[in-house]
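Chemist: First the structure, which I've put down as structure tokens, then a few questions once you've had a look.
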Amino acid sequence: MEKIKLEILGLSPSQSQAGSFALVLGEEYGNRRLPIIIGMFEAQAIAIEIEKIQPNRPMTHDLFKSFAKAFNYTVNEIIISDLREGIFFARVHCSSADGLRETVVDARPSDAIAIALRFSVPIYTYETILSEAGIVSGSQSDPDDAIEEIVQQSKPRSLSEQIKNMSLDELHRILDESLNNEEYEKAAKIRDEIARRN
């Protein structure tokens with residue numbers, strides 16, 4: 001699959017989710033943005049490295065770097081490799097100093113990006129992920145000004161919005177699944193949509 005290089009455009013507190021931060025990545029030679037909601041601690045780890053702040057004691061990602069160097073490993077790249085049910089997954093590609101061994105480690109994108117910054121390595125994703133979750137940015141203004149707007153655009157659609165376009169067969173199938181999983185609130189919304197159509 002074709003890899004697309006990303007760069008960090010901005011990081012700011014999310015107004016839509018308390019205690020979370022919006023990390024916006026942009027494709028290197030394009031106008032698509034990939035917004036990812038991350039936790040406060042991961043945001044801090046990324047911000048500290050971007051701002052080149054030296055913490056009093058090593059953070060977890062600094063420890064990872066020290067550990068890798070102690071065993072003669074380096075990080076070559078990180079890839080935001082998958083998107084399942086609105087959740088991003090990443091992989092950290094490592095190799096031994098002599099180049100004889102290569103290892104891929106699964107990670108959360110926020111941790112992988114914090115590690116990528118510490119090793120000064122590129123961040124990539126695949127076209128399929130950028131096509132599915134990317135937002136086209138029309139403005140050339142300061143990226144920090146548009147972060148929350150981009151995150152708002154990328155928010156997953158509500159259940160009500162999703163079921164409006166489903167066929168009756170799909171609705172009945174999801175209704176059965178919801179009841180089996182004891183998701184009664186979801187089942188009630190689906191039942192109401194079925195009743196509305198009859």
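The chains in the structure tokens are called A, B, ... from first to last as shown; in each chain the residues are counted from 1, and the ligands are counted from 1 in the order shown.
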Report as a CSV table (one decimal) with N, CA, C and O atoms, in the first residue's frame all protein, DNA and RNA residues lying within 8 Å of Leu25 in chain A, evaluated on only C-alpha atoms, omitting residues in the same chain fewer than 3 positions from it.
Modeler:
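See selection-v4.csv below for the written result:
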```csv
chain,number,residue,atom,x,y,z
A,6,LEU,N,3.0,12.4,6.8
A,6,LEU,CA,2.2,13.4,7.5
A,6,LEU,C,3.1,14.3,8.3
A,6,LEU,O,4.2,13.9,8.7
A,7,GLU,N,2.6,15.4,8.6
A,7,GLU,CA,3.3,16.3,9.5
A,7,GLU,C,2.3,16.9,10.6
A,7,GLU,O,1.1,16.9,10.3
A,8,ILE,N,2.9,17.2,11.7
A,8,ILE,CA,2.0,17.7,12.8
A,8,ILE,C,1.7,19.2,12.5
A,8,ILE,O,2.6,20.0,12.4
A,9,LEU,N,0.4,19.5,12.5
A,9,LEU,CA,0.0,20.8,12.2
A,9,LEU,C,-0.4,21.6,13.4
A,9,LEU,O,-0.2,22.8,13.5
A,10,GLY,N,-1.0,20.9,14.4
A,10,GLY,CA,-1.4,21.6,15.6
A,10,GLY,C,-1.9,20.6,16.7
A,10,GLY,O,-2.2,19.5,16.4
A,33,ARG,N,-6.4,16.8,6.1
A,33,ARG,CA,-6.0,16.8,7.5
A,33,ARG,C,-6.5,15.5,8.1
A,33,ARG,O,-7.6,15.1,7.8
A,34,LEU,N,-5.8,15.0,9.1
A,34,LEU,CA,-6.2,13.8,9.8
A,34,LEU,C,-6.2,14.2,11.3
A,34,LEU,O,-5.2,14.3,11.9
A,35,PRO,N,-7.4,14.4,11.8
A,35,PRO,CA,-7.6,14.8,13.2
A,35,PRO,C,-7.7,13.6,14.1
A,35,PRO,O,-8.4,12.6,13.7
A,36,ILE,N,-7.0,13.6,15.2
A,36,ILE,CA,-7.0,12.5,16.1
A,36,ILE,C,-7.3,13.1,17.5
A,36,ILE,O,-6.5,14.0,17.9
```
Chemist: Excluding Thr103 in chain A and any residue of its chain fewer than 2 positions from it, enumerate the residues within 9 Å of it, using only C-alpha atoms, and give them as a ChimeraX atom specification.
Modeler: /A:92-96,101,105
Chemist: As a list of chain:residue names, please: every residue in range 36-79 of chain A that DSSP puts in alpha helix (DSSP H).
Modeler: A:Met40, A:Phe41, A:Glu42, A:Ala43, A:Gln44, A:Ala45, A:Ile46, A:Ala47, A:Ile48, A:Glu49, A:Ile50, A:Thr60, A:His61, A:Asp62, A:Leu63, A:Phe64, A:Lys65, A:Ser66, A:Phe67, A:Ala68, A:Lys69, A:Ala70
Chemist: Which residues, written as a PyMOL selection string, have at least one atom at most 10 Å from Ser131 in chain A, with only C-alpha atoms counted and residues fewer than 5 positions away on the same chain left out?
Modeler: chain A and resi 32+34+126+136
Chemist: For the residues in the current selection, export C-alpha atoms as a PDB file, in the first residue's frame.
Modeler:
```pdb
ATOM      1  CA  ARG A  32      -6.083  16.805   3.669  1.00  0.00           C
ATOM      2  CA  LEU A  34      -6.179  13.802   9.794  1.00  0.00           C
ATOM      3  CA  TYR A 126      -2.092   4.900   4.103  1.00  0.00           C
ATOM      4  CA  VAL A 136     -10.054  18.505   3.163  1.00  0.00           C
TER       5      VAL A 136
END
```
Chemist: Within 10 Å of Ile79 in chain A, counting only C-alpha atoms, which residues qualify if same-chain residues fewer than 2 places away don't, as a PDB file with C-alpha atoms, in the first residue's frame?
Modeler:
```pdb
ATOM      1  CA  LYS A   3       2.338   5.447   2.276  1.00  0.00           C
ATOM      2  CA  ILE A   4       1.562   9.138   2.696  1.00  0.00           C
ATOM      3  CA  LYS A   5       3.846  11.268   4.834  1.00  0.00           C
ATOM      4  CA  LEU A   6       2.185  13.355   7.536  1.00  0.00           C
ATOM      5  CA  GLU A  77       9.274   5.275  11.021  1.00  0.00           C
ATOM      6  CA  SER A  81      -1.856   1.737  10.063  1.00  0.00           C
ATOM      7  CA  ASP A  82      -5.528   1.104  10.659  1.00  0.00           C
ATOM      8  CA  PHE A  89      -4.074   2.094  15.350  1.00  0.00           C
ATOM      9  CA  ALA A  90      -0.366   2.626  14.739  1.00  0.00           C
ATOM     10  CA  ARG A  91       2.845   0.660  14.302  1.00  0.00           C
ATOM     11  CA  VAL A  92       6.368   1.585  15.295  1.00  0.00           C
ATOM     12  CA  HIS A  93       8.925   0.183  12.830  1.00  0.00           C
ATOM     13  CA  ASP A 106       1.781  -2.030  17.837  1.00  0.00           C
ATOM     14  CA  ALA A 107       0.971   1.281  19.535  1.00  0.00           C
ATOM     15  CA  PRO A 109      -1.073   6.767  17.467  1.00  0.00           C
ATOM     16  CA  ALA A 112       3.761   6.355  18.331  1.00  0.00           C
ATOM     17  CA  ILE A 113       3.873  10.062  17.427  1.00  0.00           C
ATOM     18  CA  ALA A 116       8.571   9.496  16.363  1.00  0.00           C
ATOM     19  CA  PRO A 122       8.750  10.342   9.673  1.00  0.00           C
ATOM     20  CA  ILE A 123       5.072   9.713  10.375  1.00  0.00           C
ATOM     21  CA  TYR A 124       3.041   7.985   7.664  1.00  0.00           C
ATOM     22  CA  THR A 125      -0.438   6.695   7.005  1.00  0.00           C
ATOM     23  CA  TYR A 126      -2.092   4.900   4.103  1.00  0.00           C
TER      24      TYR A 126
END
```
Chemist: Could you jot down the CA of Ser12 in chain A to CA of Ile115 in chain A separation for me, Å, one decimal place?
Modeler: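 Calculated distance between CA of Ser12 in chain A and CA of Ile115 in chain A is 19.1 Å.
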Chemist: Kindly indicate which residue among A:Ala70, A:Leu175, A:Ala114, A:Ile53 lies nearest to Leu23 in chain A, using only C-alpha atoms for the distances.
Modeler: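 Comparing A:Ala70, A:Leu175, A:Ala114, A:Ile53 against Leu23 in chain A, the winner is A:Ala114.
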Chemist: Which is closer to Val75 in chain A than all the others in A:Ile87, A:Ile37, A:Ile135, A:Val121, using only C-alpha atoms?
Modeler: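 Of the candidates, the smallest distance to Val75 in chain A is held by A:Val121.
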Chemist: Quick one: distance from CA of Glu51 in chain A to CA of Leu83 in chain A in Å, one decimal?
Modeler: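 The value is 28.8 Å.
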Chemist: From range 2-198 of chain A, collect each residue whose DSSP state is strand (DSSP E or B) and return the set as a PyMOL selection string.
Modeler: chain A and resi 3-13+20-27+32-39+73-84+87-96+102-107+123-126+135-136
Chemist: To one decimal in Å, tell me the separation between CA of Phe41 in chain A and CA of Leu63 in chain A.
Modeler: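 One can read the CA of Phe41 in chain A to CA of Leu63 in chain A distance as 15.1 Å.
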Chemist: Go through A:Arg118, A:Arg108, A:Lys65, A:Arg84 and flag the residue nearest Ala47 in chain A, using only C-alpha atoms for the distances.
Modeler: A:Arg118
